[in-house]
Structures are given as C-alpha cells and as structure tokens.
Amino acid sequence: MRFVISENTPFRILDQAMKSERMHHAYLLSGPEGVGKCALALHFAHAILCRSENVDERPCMTCASCRKIGAYAHPDFRFVFPFVSLDAFKKVGKEIGLKEKKGEGDEKGGWETLYMNFQAEAAKSIVSDPFHPSTIDTNFADKNREISIEQIRQITEMVQMPPSESKYMVIIVPDADLMDAAPANAFLKTLEEPPKYVRFLLITSRPNALLPTIRSRCQMLKFNVLPDQDIASFLTTRCDMTPAKANEAASLSIGSLHNAFLVQEMESNEELLEEAFEFINWLADPKLKEGLKLAAKLDSPLSVAKKRIKIVSILLREVSRIQRTGEPGAGSLSQRLRGNASRLPVNVFEKTFSKLMTLNEGIDANVNGRMLNTSFILSLANS
Ligand SMILES: [Zn+2]
C-alpha cells in the first residue's frame, strides 16, 4: 500500500468497484491539495492493470505490469498533467543552454523532442514517487502550466486502439481543471463516449473550475483533509522523521501532506520564514507606509509567491488556534507564535485568509505581481 495514506471513503469505493469489476469509466477525485488524491489514483492504476491472480493482492507491485507503470513504460497507462507551453519551454531552454546539455535532439530540429522527453521524465518522476515529485525541472517552475490540446489529442488517439497488454487502459489526469476551453471540449468528446476498456481518473482541487459537462460525466469522489495522526504516522514511517518533528508538522498541516512538507522546509529555509514573520508582525499594527515597503519586497517568482501565501496561511491558522485555546503547541514554530497571538486581533485569520486567497487567484491568473501585492497590502492596511 505504498501509495495509500488513508483508507478513506474514496479508497473504499474504488477498492470495491475494482474488485467486483464494476468500475465506472471515469472518476473525479476532488478535495484539498496534499491529501493523497494523486497517490490514490496511482494505487488504482497499478491495481487495475496488475496481473496478480489474486484480486485481493492487487496491486502486487512486483508483476511486469506493476513494474512497467512504476517506470512509466506501460503502453496502456498514461499520466497527462499540466506542463509549460512549448514556447515557454523553448524560451527557458535557450536561456539555460538546454540543447547543448542534452545533445542536439533529432532531425526535426530538436525542441519538440526535448519537450516530449521532458514531459515523459516529469511524468515518470511523479509516477514513481508522488509524494516527493521533482515535478518539473526547477527552471520551469515559474512558468504557467496547462493541459494542452496536443496532450488531449494524444489521449483521443490512444483510446481508439484497444489496450495492448491488459484488459483495461488507465488514464490519470491530475490538475484536470488546468485546461482551456478548446482542450476541455475536445476531452469532453472522449469522455462522453469512451470505449469500454478505458478508465479515467481525473484529479482536481478546484472542481468548480472544470466544465460542468466534464464533472457530470464522472463519478465524484470527495476527499477530506487528512487526520493529524495519519500525517504524523506517514512522516515517521515513510520519511524518517522523528516523532516530535512529525507531530509538529502534522499539527500545523491543516490536514495536508503538502503543508506538512512545507513546515519541514520552513525550518530550514530561514529567509521564507522570516519574511512570513515580518508580514505577521506588521498585521498587529498595519500602517500603510510600512505595508507598502513590504509590498515592494514581495515581488517574486510564481513558485515563491505561492509558497509564501501557504506559509502565512499555516502560521496565521496556528495563531488563531492559540488565540482560541490559549495554548501554543509543543513545537518551536507554535511557541514562537505565542507572542503574535497576543498582539494580533482575534479575527485576524478570518480577515486575512480570504485576501490571501484573492492574492493566490491573482497569481494564478497571471496578474502583474507588483499590482497584486500593493492591492493586497492596501486591503489590510489602516488608512
Ligand atoms: Zn502487479
């Protein structure tokens, strides 16, 4: 059960459907980030294609089929995820001398092949370990990602031919909401009349951003946040964390494994942490002049900006918990927040959280960073 964090309701529904061979043709796994949706989809991709005779032992993780999925080399399995555009890939690739590093590429001119290879490498990295994916090369982390019409075309072509090694064909689509109208409509056509051997596992943390017609074609599987003890036990048993560290990360994680990893990262990345504390300290007396100085410092690449929002949300949530219970947790971060909790107004988390989410949406929508940060600060400052 390498990919299962929690034997939750979606697990039980899929497990039963798989074992009784009554799987729906498409499922939509929806819920907050970092609760194990993608990992669970991968568990069932293995299980559906596994060759073990005993259905209760699927996925065995040792048969040829299970091993091929792990190496992202199974002809009846695809992992279609949002990637940077070819243009963005070329731009960054030229800046970092990618062609020289990777050799000349092929006779077609190289970039398309490099691009495809990069996508396949990224897919392989997630499929082999969804909990610690080096998702895409960090050089591309600050470019917007989306599922392209070309990726959808490839799935459409793939499903027209019957599976070559198995009874079924499994297609996982993480962040399925990151599709524009054209790919979404093309995808819908396949989803409306899928061949009987196809099993789609779509994943999203923003179900409302999907076309309603896509949603209605899928059986919805809703994930909740994970219980702290499941996260702590995952961190100790599979990430070699000490119980004390694991409990601290779990208690601040708001039920998300991503957040738990972020708490761990915060402790080693002082710069990110101090920046977050600078902002939280400012909230106690949000003077406009100091706020605008902060806003000027906040302009940063997409990945850093989004991480900063998560860190501030995690810390403010803990402030709110300390204010409610009067008790900081045992970990050093919570202890450090004790002072903030007494200085900040009681509803600070509620007041700030919706504004943080607006900021996050602005970043996703590619709005100018300086403008976003300034209006974020203005919305919180005392005039
Ligand atoms: Zn197997």
# chains A, B, ... in the order shown; residues from 1 in each chain; ligands from 1
>>> closest_atom_pairs(of="chain A", to="ligand 1", cutoff="9 Å", atoms="only C-alpha atoms and all ligand atoms", output="CSV")
residue,atom,partner,partner_atom_place_in_ligand_line,distance
A:His46,CA,ligand 1,1 (Zn),6.6
A:Ala47,CA,ligand 1,1 (Zn),6.8
A:Ile48,CA,ligand 1,1 (Zn),8.9
A:Leu49,CA,ligand 1,1 (Zn),7.3
A:Cys50,CA,ligand 1,1 (Zn),3.8
A:Arg51,CA,ligand 1,1 (Zn),5.1
A:Ser52,CA,ligand 1,1 (Zn),5.3
A:Glu57,CA,ligand 1,1 (Zn),8.1
A:Arg58,CA,ligand 1,1 (Zn),6.0
A:Pro59,CA,ligand 1,1 (Zn),4.7
A:Cys60,CA,ligand 1,1 (Zn),3.9
A:Met61,CA,ligand 1,1 (Zn),4.6
A:Thr62,CA,ligand 1,1 (Zn),5.3
A:Cys63,CA,ligand 1,1 (Zn),4.2
A:Ala64,CA,ligand 1,1 (Zn),6.8
A:Ser65,CA,ligand 1,1 (Zn),5.8
A:Cys66,CA,ligand 1,1 (Zn),4.4
A:Arg67,CA,ligand 1,1 (Zn),7.4
>>> residues_around(residues="Asp364 of chain A", least_positions_apart="5", cutoff="9 Å", atoms="only C-alpha atoms", output="MDAnalysis selection string")
chainID A and resid 144 302 306 359
>>> write_last_selection(atoms="C-alpha atoms", output="PDB file, in the first residue's frame")
ATOM      1  CA  ASN A 144       2.284  28.798 -16.052  1.00  0.00           C
ATOM      2  CA  LEU A 302       5.364  32.488  -9.112  1.00  0.00           C
ATOM      3  CA  LYS A 306       2.546  30.868  -3.881  1.00  0.00           C
ATOM      4  CA  LEU A 359      -3.919  37.119  -3.977  1.00  0.00           C
TER       5      LEU A 359
END
>>> residues_around(residues="segment 80-91 of chain A", least_positions_apart="3", cutoff="6 Å", atoms="only C-alpha atoms", output="PyMOL selection string")
chain A and resi 94+144-147+173-174
>>> write_last_selection(atoms="C-alpha atoms", output="PDB file, in the first residue's frame")
ATOM      1  CA  LYS A  94      17.563  28.640 -24.674  1.00  0.00           C
ATOM      2  CA  ASN A 144       2.284  28.798 -16.052  1.00  0.00           C
ATOM      3  CA  ARG A 145       1.279  25.247 -16.754  1.00  0.00           C
ATOM      4  CA  GLU A 146      -1.702  23.855 -18.587  1.00  0.00           C
ATOM      5  CA  ILE A 147      -3.007  20.712 -20.243  1.00  0.00           C
ATOM      6  CA  VAL A 173      -5.276  13.467 -15.351  1.00  0.00           C
ATOM      7  CA  PRO A 174      -4.014  15.455 -12.340  1.00  0.00           C
TER       8      PRO A 174
END
>>> atom_distance(atom1="atom CA of Leu28 of chain A", atom2="atom CA of Leu235 of chain A")
26.9 Å
>>> atom_distance(atom1="atom CA of Thr242 of chain A", atom2="atom CA of Ser334 of chain A")
17.5 Å
>>> residues_around(residues="Trp282 of chain A", least_positions_apart="4", cutoff="10 Å", atoms="only C-alpha atoms", output="count of residues only")
11
>>> residues_around(residues="Leu221 of chain A", least_positions_apart="4", cutoff="7 Å", atoms="only C-alpha atoms", output="ChimeraX atom specification")
/A:10,27-30
>>> closest_residue(among="A:Ala209, A:Ile152, A:Leu272, A:Val159", to="Ile311 of chain A", atoms="only C-alpha atoms")
A:Leu272
>>> select_by_dssp(residues="segment 52-286 of chain A", states="helix (DSSP H, G or I)", output="ChimeraX atom specification")
/A:55-57,64-70,86-95,98-102,111-128,138-140,149-160,181-192,207-209,212-216,228-238,243-252,257-268,270-283
